[in-house]
Structures are given as structure tokens and as C-alpha cells.
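Data from entry.pdb: PDB, C-alpha atoms and all ligand atoms
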```
ATOM      1  CA  ARG A 220       7.389  19.484  12.454  1.00  0.00           C
ATOM      2  CA  SER A 221       6.224  16.412  14.275  1.00  0.00           C
ATOM      3  CA  ILE A 222       4.886  13.083  13.003  1.00  0.00           C
ATOM      4  CA  LEU A 223       2.671  10.722  14.985  1.00  0.00           C
ATOM      5  CA  ILE A 224       3.457   7.040  14.407  1.00  0.00           C
ATOM      6  CA  LEU A 225       0.521   4.904  15.475  1.00  0.00           C
ATOM      7  CA  ASN A 226       0.486   1.137  15.749  1.00  0.00           C
ATOM      8  CA  GLY A 227      -2.649  -0.832  16.491  1.00  0.00           C
ATOM      9  CA  PRO A 228      -3.563  -4.222  17.952  1.00  0.00           C
ATOM     10  CA  ASN A 229      -0.994  -6.985  18.360  1.00  0.00           C
ATOM     11  CA  LEU A 230       1.854  -4.886  17.005  1.00  0.00           C
ATOM     12  CA  ASN A 231       3.305  -4.723  20.543  1.00  0.00           C
ATOM     13  CA  LEU A 232       4.143  -8.398  19.943  1.00  0.00           C
ATOM     14  CA  LEU A 233       6.402  -7.666  16.962  1.00  0.00           C
ATOM     15  CA  GLY A 234       9.549  -9.755  17.031  1.00  0.00           C
ATOM     16  CA  THR A 235       7.846 -12.808  18.496  1.00  0.00           C
ATOM     17  CA  ARG A 236       4.521 -12.672  16.643  1.00  0.00           C
ATOM     18  CA  GLN A 237       4.540 -14.909  13.535  1.00  0.00           C
ATOM     19  CA  PRO A 238       8.133 -13.911  12.704  1.00  0.00           C
ATOM     20  CA  GLU A 239       7.843 -15.653   9.317  1.00  0.00           C
ATOM     21  CA  VAL A 240       5.218 -13.015   8.412  1.00  0.00           C
ATOM     22  CA  TYR A 241       6.244  -9.967  10.449  1.00  0.00           C
ATOM     23  CA  GLY A 242       9.993 -10.434  10.966  1.00  0.00           C
ATOM     24  CA  ARG A 243      12.129 -10.582  14.099  1.00  0.00           C
ATOM     25  CA  GLU A 244      12.512  -6.895  14.800  1.00  0.00           C
ATOM     26  CA  THR A 245      10.649  -5.661  17.879  1.00  0.00           C
ATOM     27  CA  LEU A 246       8.343  -2.648  17.871  1.00  0.00           C
ATOM     28  CA  GLU A 247      10.777  -0.902  20.187  1.00  0.00           C
ATOM     29  CA  MET A 248      13.548  -1.327  17.588  1.00  0.00           C
ATOM     30  CA  ALA A 249      11.307  -0.160  14.757  1.00  0.00           C
ATOM     31  CA  GLU A 250      10.213   2.903  16.738  1.00  0.00           C
ATOM     32  CA  ALA A 251      13.807   3.801  17.615  1.00  0.00           C
ATOM     33  CA  ALA A 252      14.706   3.574  13.904  1.00  0.00           C
ATOM     34  CA  CYS A 253      11.757   5.856  13.082  1.00  0.00           C
ATOM     35  CA  VAL A 254      12.803   8.474  15.635  1.00  0.00           C
ATOM     36  CA  ALA A 255      16.366   8.493  14.249  1.00  0.00           C
ATOM     37  CA  HIS A 256      15.244   8.514  10.601  1.00  0.00           C
ATOM     38  CA  ALA A 257      12.818  11.378  11.239  1.00  0.00           C
ATOM     39  CA  ARG A 258      15.395  13.371  13.185  1.00  0.00           C
ATOM     40  CA  ALA A 259      17.851  13.075  10.273  1.00  0.00           C
ATOM     41  CA  GLN A 260      15.266  14.914   8.181  1.00  0.00           C
ATOM     42  CA  GLY A 261      14.595  17.555  10.797  1.00  0.00           C
ATOM     43  CA  LEU A 262      11.335  15.924  11.914  1.00  0.00           C
ATOM     44  CA  GLU A 263      10.225  14.738  15.321  1.00  0.00           C
ATOM     45  CA  ALA A 264       8.576  11.300  15.554  1.00  0.00           C
ATOM     46  CA  VAL A 265       6.226  10.476  18.423  1.00  0.00           C
ATOM     47  CA  CYS A 266       5.300   6.783  18.672  1.00  0.00           C
ATOM     48  CA  LEU A 267       2.244   5.180  20.233  1.00  0.00           C
ATOM     49  CA  GLN A 268       0.933   1.616  20.205  1.00  0.00           C
ATOM     50  CA  SER A 269      -2.430   0.499  21.504  1.00  0.00           C
ATOM     51  CA  ASN A 270      -4.555  -2.624  21.364  1.00  0.00           C
ATOM     52  CA  HIS A 271      -7.654  -0.463  21.815  1.00  0.00           C
ATOM     53  CA  GLU A 272      -9.427   1.163  18.916  1.00  0.00           C
ATOM     54  CA  GLY A 273     -10.693   4.012  21.104  1.00  0.00           C
ATOM     55  CA  VAL A 274      -7.176   4.916  22.212  1.00  0.00           C
ATOM     56  CA  LEU A 275      -6.124   5.082  18.550  1.00  0.00           C
ATOM     57  CA  LEU A 276      -9.146   7.297  17.808  1.00  0.00           C
ATOM     58  CA  ASP A 277      -8.310   9.628  20.708  1.00  0.00           C
ATOM     59  CA  ALA A 278      -4.691   9.839  19.528  1.00  0.00           C
ATOM     60  CA  ILE A 279      -5.792  10.798  16.003  1.00  0.00           C
ATOM     61  CA  HIS A 280      -8.121  13.468  17.407  1.00  0.00           C
ATOM     62  CA  ALA A 281      -5.406  14.840  19.685  1.00  0.00           C
ATOM     63  CA  ALA A 282      -2.990  15.033  16.750  1.00  0.00           C
ATOM     64  CA  ARG A 283      -4.836  18.072  15.462  1.00  0.00           C
ATOM     65  CA  GLY A 284      -2.676  21.094  16.113  1.00  0.00           C
ATOM     66  CA  THR A 285       0.158  18.938  17.466  1.00  0.00           C
ATOM     67  CA  HIS A 286       1.321  16.763  14.567  1.00  0.00           C
ATOM     68  CA  SER A 287       1.785  17.614  10.899  1.00  0.00           C
ATOM     69  CA  GLY A 288       1.498  14.022   9.730  1.00  0.00           C
ATOM     70  CA  ILE A 289       0.325  10.589  10.827  1.00  0.00           C
ATOM     71  CA  ILE A 290       1.731   7.144  10.010  1.00  0.00           C
ATOM     72  CA  LEU A 291      -0.764   4.423  10.849  1.00  0.00           C
ATOM     73  CA  ASN A 292      -0.519   0.659  10.969  1.00  0.00           C
ATOM     74  CA  ALA A 293      -3.968  -0.126  12.302  1.00  0.00           C
ATOM     75  CA  GLY A 294      -3.358  -3.894  12.345  1.00  0.00           C
ATOM     76  CA  ALA A 295      -6.583  -5.853  11.944  1.00  0.00           C
ATOM     77  CA  HIS A 296      -8.644  -2.653  12.455  1.00  0.00           C
ATOM     78  CA  THR A 297      -7.479  -1.746   8.946  1.00  0.00           C
ATOM     79  CA  HIS A 298      -9.996  -4.164   7.516  1.00  0.00           C
ATOM     80  CA  THR A 299     -12.943  -3.304   9.747  1.00  0.00           C
ATOM     81  CA  SER A 300     -12.744   0.171  11.210  1.00  0.00           C
ATOM     82  CA  ILE A 301     -14.908   2.799   9.602  1.00  0.00           C
ATOM     83  CA  ALA A 302     -14.340   4.775  12.812  1.00  0.00           C
ATOM     84  CA  LEU A 303     -10.575   5.073  12.212  1.00  0.00           C
ATOM     85  CA  MET A 304     -11.202   6.054   8.578  1.00  0.00           C
ATOM     86  CA  ASP A 305     -13.684   8.720   9.712  1.00  0.00           C
ATOM     87  CA  ALA A 306     -11.214  10.017  12.312  1.00  0.00           C
ATOM     88  CA  LEU A 307      -8.517  10.468   9.654  1.00  0.00           C
ATOM     89  CA  PHE A 308     -10.997  12.289   7.402  1.00  0.00           C
ATOM     90  CA  SER A 309     -12.089  14.455  10.342  1.00  0.00           C
ATOM     91  CA  VAL A 310      -8.696  15.737  11.441  1.00  0.00           C
ATOM     92  CA  GLU A 311      -7.474  16.447   7.894  1.00  0.00           C
ATOM     93  CA  ILE A 312      -3.870  15.622   8.752  1.00  0.00           C
ATOM     94  CA  PRO A 313      -1.875  14.028   5.907  1.00  0.00           C
ATOM     95  CA  ALA A 314      -1.492  10.340   6.706  1.00  0.00           C
ATOM     96  CA  VAL A 315       0.330   7.309   5.335  1.00  0.00           C
ATOM     97  CA  GLU A 316      -0.861   3.737   5.870  1.00  0.00           C
ATOM     98  CA  VAL A 317       1.774   1.097   6.608  1.00  0.00           C
ATOM     99  CA  HIS A 318       1.655  -2.691   6.779  1.00  0.00           C
ATOM    100  CA  LEU A 319       4.646  -4.893   7.399  1.00  0.00           C
ATOM    101  CA  SER A 320       3.243  -7.697   5.275  1.00  0.00           C
ATOM    102  CA  ASN A 321       1.964  -7.430   1.724  1.00  0.00           C
ATOM    103  CA  ILE A 322      -1.723  -7.543   2.642  1.00  0.00           C
ATOM    104  CA  HIS A 323      -2.697  -7.952  -1.038  1.00  0.00           C
ATOM    105  CA  ALA A 324      -0.791 -11.232  -1.284  1.00  0.00           C
ATOM    106  CA  ARG A 325      -2.497 -12.647   1.812  1.00  0.00           C
ATOM    107  CA  GLU A 326      -6.035 -13.769   2.713  1.00  0.00           C
ATOM    108  CA  GLU A 327      -8.869 -12.096   0.849  1.00  0.00           C
ATOM    109  CA  PHE A 328     -10.173 -10.432   4.057  1.00  0.00           C
ATOM    110  CA  ARG A 329      -6.914  -8.483   4.345  1.00  0.00           C
ATOM    111  CA  HIS A 330      -7.188  -7.001   0.845  1.00  0.00           C
ATOM    112  CA  ARG A 331      -9.776  -4.398   1.814  1.00  0.00           C
ATOM    113  CA  SER A 332      -8.584  -1.405   3.813  1.00  0.00           C
ATOM    114  CA  PHE A 333     -10.932   1.298   5.078  1.00  0.00           C
ATOM    115  CA  ILE A 334      -7.833   3.285   6.096  1.00  0.00           C
ATOM    116  CA  SER A 335      -6.686   3.562   2.459  1.00  0.00           C
ATOM    117  CA  ARG A 336      -9.568   5.861   1.596  1.00  0.00           C
ATOM    118  CA  ALA A 337      -8.362   8.487   4.037  1.00  0.00           C
ATOM    119  CA  VAL A 338      -4.604   8.500   3.414  1.00  0.00           C
ATOM    120  CA  ILE A 339      -2.149   9.835   0.840  1.00  0.00           C
ATOM    121  CA  GLY A 340      -0.958   6.317   0.109  1.00  0.00           C
ATOM    122  CA  GLN A 341      -0.277   2.849   1.393  1.00  0.00           C
ATOM    123  CA  ILE A 342       3.079   1.120   1.912  1.00  0.00           C
ATOM    124  CA  CYS A 343       3.018  -2.625   2.484  1.00  0.00           C
ATOM    125  CA  GLY A 344       5.250  -5.643   2.149  1.00  0.00           C
ATOM    126  CA  PHE A 345       8.569  -4.111   3.218  1.00  0.00           C
ATOM    127  CA  GLY A 346       8.561  -5.053   6.878  1.00  0.00           C
ATOM    128  CA  THR A 347       9.555  -2.385   9.396  1.00  0.00           C
ATOM    129  CA  GLN A 348      11.390  -0.504   6.607  1.00  0.00           C
ATOM    130  CA  GLY A 349       7.917   0.565   5.483  1.00  0.00           C
ATOM    131  CA  TYR A 350       7.715   3.009   8.405  1.00  0.00           C
ATOM    132  CA  LEU A 351      10.906   4.701   7.176  1.00  0.00           C
ATOM    133  CA  PHE A 352       9.512   4.921   3.635  1.00  0.00           C
ATOM    134  CA  ALA A 353       6.388   6.487   5.120  1.00  0.00           C
ATOM    135  CA  ILE A 354       8.500   9.123   6.923  1.00  0.00           C
ATOM    136  CA  ASP A 355      10.198   9.908   3.589  1.00  0.00           C
ATOM    137  CA  ALA A 356       6.798  10.159   1.903  1.00  0.00           C
ATOM    138  CA  LEU A 357       5.548  12.628   4.516  1.00  0.00           C
ATOM    139  CA  ALA A 358       8.780  14.642   4.398  1.00  0.00           C
ATOM    140  CA  LYS A 359       8.314  15.012   0.610  1.00  0.00           C
ATOM    141  CA  HIS A 360       4.670  15.884   1.128  1.00  0.00           C
ATOM    142  CA  PHE A 361       5.607  18.681   3.562  1.00  0.00           C
ATOM    143  CA  GLU A 362       8.212  19.978   1.082  1.00  0.00           C
ATOM    144  CA  ARG A 363       5.645  20.122  -1.710  1.00  0.00           C
ATOM    145  CA  GLU A 364       3.122  21.813   0.608  1.00  0.00           C
ATOM    146  CA  ALA A 365       5.693  24.483   1.457  1.00  0.00           C
ATOM    147  CA  GLU A 366       6.384  25.298  -2.219  1.00  0.00           C
TER
HETATM  148  C1  LIG B 401      -0.741  -5.832   9.432  1.00  0.00           C
HETATM  149  C2  LIG B 401      -1.643  -6.644   8.497  1.00  0.00           C
HETATM  150  C3  LIG B 401      -3.007  -6.912   9.111  1.00  0.00           C
HETATM  151  O1  LIG B 401      -3.801  -7.681   8.230  1.00  0.00           O
HETATM  152  C4  LIG B 401      -2.848  -7.677  10.414  1.00  0.00           C
HETATM  153  O2  LIG B 401      -4.115  -7.847  11.022  1.00  0.00           O
HETATM  154  C5  LIG B 401      -1.885  -7.025  11.339  1.00  0.00           C
HETATM  155  C6  LIG B 401      -0.636  -6.491  10.805  1.00  0.00           C
HETATM  156  C7  LIG B 401       0.692  -5.692   8.888  1.00  0.00           C
HETATM  157  O3  LIG B 401       1.407  -4.835   9.402  1.00  0.00           O
HETATM  158  O4  LIG B 401       1.089  -6.417   7.976  1.00  0.00           O
HETATM  159  O5  LIG B 401      -2.091  -7.014  12.551  1.00  0.00           O
HETATM  160  O6  LIG B 401      -1.294  -4.543   9.581  1.00  0.00           O
END
```
As C-alpha cells, how would this structure be written, given the file I've shared?
Ligand code: DQA
Amino acid sequence: RSILILNGPNLNLLGTRQPEVYGRETLEMAEAACVAHARAQGLEAVCLQSNHEGVLLDAIHAARGTHSGIILNAGAHTHTSIALMDALFSVEIPAVEVHLSNIHAREEFRHRSFISRAVIGQICGFGTQGYLFAIDALAKHFEREAE
């Protein structure tokens, strides 16, 4: 089984972007950790980052038939994008939402997530470790599905 790990706008700047909020680990490091963590559970992880909403939409569409699960940190699109929510509903692939920061402890405008409506669950506040938790969550989900 294969998992698609999608990161949205500004997440390419991880490591140097507001390190007090998002930590010092780069996206490259986080993605490498995801690939290794997934592999240890017999899963393949394919990682993609884009600053363009349309590219994220196309990737979600293309996941149909290719990936068994999606992990999505949509960045600021989380709080605005009905299109990304609709895409997740459309492809019917189990998905987990991740945020490095605890969005509920931050500005009011970050509390609302359109993505949340279309996912199994949300993981936030644990930095890049959240992606690994999300892999575990999907692995469990696949196990339960197979029962
Ligand atoms: C984020 C939280 C969003 O509010 C913000 O716009 C981001 C990153 C996070 O991972 O904590 O770009 O998704």
C-alpha cells in the first residue's frame, strides 16, 4: 500500500520559517522520516509539496487508484479551501489532516478547518512528529479495513 503525503503553501520553507512556531526541521528531513517510518510498517510514502492549490487538487484527484491513504497539511488553505475539502470527499480515500502547530491555540482564523470535515481525524501541535502519528493512524485504519 502507498500513502500520499501532501504539503501545501509555505511548507517548503520549514526549518527557516518562524522556527519558534514550526521548528527547525526542514521539510526534506520530515519527508525522509515519513518514508522510513512508513517503510517500517510495510507502507510506501510518496511526498509532494506545492504552493499552488490547483497542484494539490490535481494530486488528490490522481491519488485515486494509486494511493490507499492521504496525509494533508494544507497550510493556510486549510482555513479557506472548500475546493480541497470537496476533492477529498470526491476521491473517497481515507485521509488524515496534519498541522505542525496547535491551530486551536493560535489566532481565531486558524481554528476553522474545511479539511477536517473530509478526513478521519486531525493531528496538530506535535511538530513534524505529527506526520508519523498520521502514518500510524492510517496503518491502523488499513488494518481495521482488512478485518
Ligand atoms: C499550518 C497551520 C496553518 O494555519 C498555517 O497557515 C500553515 C501551517 C501548520 O502546519 O501548523 O501554513 O498548517
Practice problem: Could you tell me which of A:Gly284, A:Gly227, A:Gly294, A:Gly340 comes closest to ligand LIG 401 (chain B) if we count all atoms listed in the file? | Solution: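 Residue with the minimum atom-to-atom distance to ligand LIG 401 (chain B): A:Gly294.
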Exercise. For Pro313 of chain A, work out the shell of residues within 9 Å, counting only C-alpha atoms and skipping chain neighbours fewer than 3 positions away, then give it as a ChimeraX atom specification.
Key: /A:287-290,307,310,337-339,357,360
Could you give me, as a tab-separated table, a per-residue list for chain A showing, wherever an atom lies at most 8 Å from an atom of ligand LIG 401 (chain B), the closest pair of atoms and their distance in Å to one decimal, using all atoms listed in the file and sorting by chain then residue number from low to high?
```
residue	atom	partner	partner_atom	distance
A:Gly227	CA	B:LIG401	O5	7.4
A:Pro228	CA	B:LIG401	O5	6.3
A:Asn229	CA	B:LIG401	O5	5.9
A:Leu230	CA	B:LIG401	O5	6.3
A:Val240	CA	B:LIG401	O4	7.8
A:Tyr241	CA	B:LIG401	O4	6.7
A:Asn292	CA	B:LIG401	O6	5.4
A:Ala293	CA	B:LIG401	O6	5.8
A:Gly294	CA	B:LIG401	O5	3.4
A:Ala295	CA	B:LIG401	O2	3.3
A:His296	CA	B:LIG401	O2	7.0
A:Thr297	CA	B:LIG401	O6	6.8
A:His298	CA	B:LIG401	O1	7.2
A:Val317	CA	B:LIG401	O3	6.6
A:His318	CA	B:LIG401	O3	3.4
A:Leu319	CA	B:LIG401	O3	3.8
A:Ser320	CA	B:LIG401	O4	3.7
A:Asn321	CA	B:LIG401	O4	6.4
A:Ile322	CA	B:LIG401	C2	5.9
A:Arg329	CA	B:LIG401	O1	5.0
A:Cys343	CA	B:LIG401	O4	6.9
A:Gly344	CA	B:LIG401	O4	7.2
A:Gly346	CA	B:LIG401	O3	7.6
```
Quiz prompt | Resolved residues for the PyMOL selection byres (((chain A and resi 242) around 12) and not hetatm) as a PyMOL selection string | solution = chain A and resi 230+232-241+243-246+248-249+319-320+344-348
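Here atom CA of Ile354 of chain A and atom CA of Val254 of chain A stand 9.7 Å from one another.
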Can you tell me, as a PDB file with C-alpha atoms, in the coordinates of the input, what residues are no more than 10 Å from His286 of chain A when counting all atoms listed in the file, ignoring any on the same chain fewer than 4 positions away?
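Written out: selection_14.pdb:
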```pdb
ATOM      1  CA  ARG A 220       7.389  19.484  12.454  1.00  0.00           C
ATOM      2  CA  SER A 221       6.224  16.412  14.275  1.00  0.00           C
ATOM      3  CA  ILE A 222       4.886  13.083  13.003  1.00  0.00           C
ATOM      4  CA  LEU A 223       2.671  10.722  14.985  1.00  0.00           C
ATOM      5  CA  ILE A 224       3.457   7.040  14.407  1.00  0.00           C
ATOM      6  CA  GLU A 263      10.225  14.738  15.321  1.00  0.00           C
ATOM      7  CA  ALA A 264       8.576  11.300  15.554  1.00  0.00           C
ATOM      8  CA  VAL A 265       6.226  10.476  18.423  1.00  0.00           C
ATOM      9  CA  ILE A 279      -5.792  10.798  16.003  1.00  0.00           C
ATOM     10  CA  ALA A 281      -5.406  14.840  19.685  1.00  0.00           C
ATOM     11  CA  ALA A 282      -2.990  15.033  16.750  1.00  0.00           C
ATOM     12  CA  ILE A 312      -3.870  15.622   8.752  1.00  0.00           C
ATOM     13  CA  PRO A 313      -1.875  14.028   5.907  1.00  0.00           C
TER      14      PRO A 313
END
```
Practice problem: To one decimal in Å, tell me the separation between atom CA of Phe333 of chain A and atom CA of Gln268 of chain A. | Solution: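 Pair atom CA of Phe333 of chain A / atom CA of Gln268 of chain A returns 19.2 Å.
When only C-alpha atoms are used to compute distances to His271 of chain A, the closest of the residues A:Ile334, A:Ala365, A:Leu303, A:Ala314 turns out to be A:Leu303.
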Quiz prompt | Separation of atom CA of Asp305 of chain A from atom CA of Phe328 of chain A, in Å and rounded to one decimal | solution = 20.3 Å
Quiz prompt | Selected residue of minimal separation from Glu311 of chain A among A:Asn270, A:His256, A:Glu366, A:Arg283, counting only C-alpha atoms | solution = A:Arg283
Quiz item: With only C-alpha atoms as the atoms that count, which of A:Ala306, A:Leu291, A:Ala278, A:Ala324 lies nearest to Tyr350 of chain A?
Solution: A:Leu291
Quiz prompt | Top pick for closest residue to Asp355 of chain A, considering A:Thr285, A:Val315, A:Ala251, A:Phe308 and counting all atoms listed in the file | solution =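 Selected residue with least distance to Asp355 of chain A: A:Val315.
Ranking A:Asn231, A:Gln341, A:Asn226, A:Gln260 by their shortest atom-to-atom distance to Glu362 of chain A, with only C-alpha atoms included, puts A:Gln260 first.
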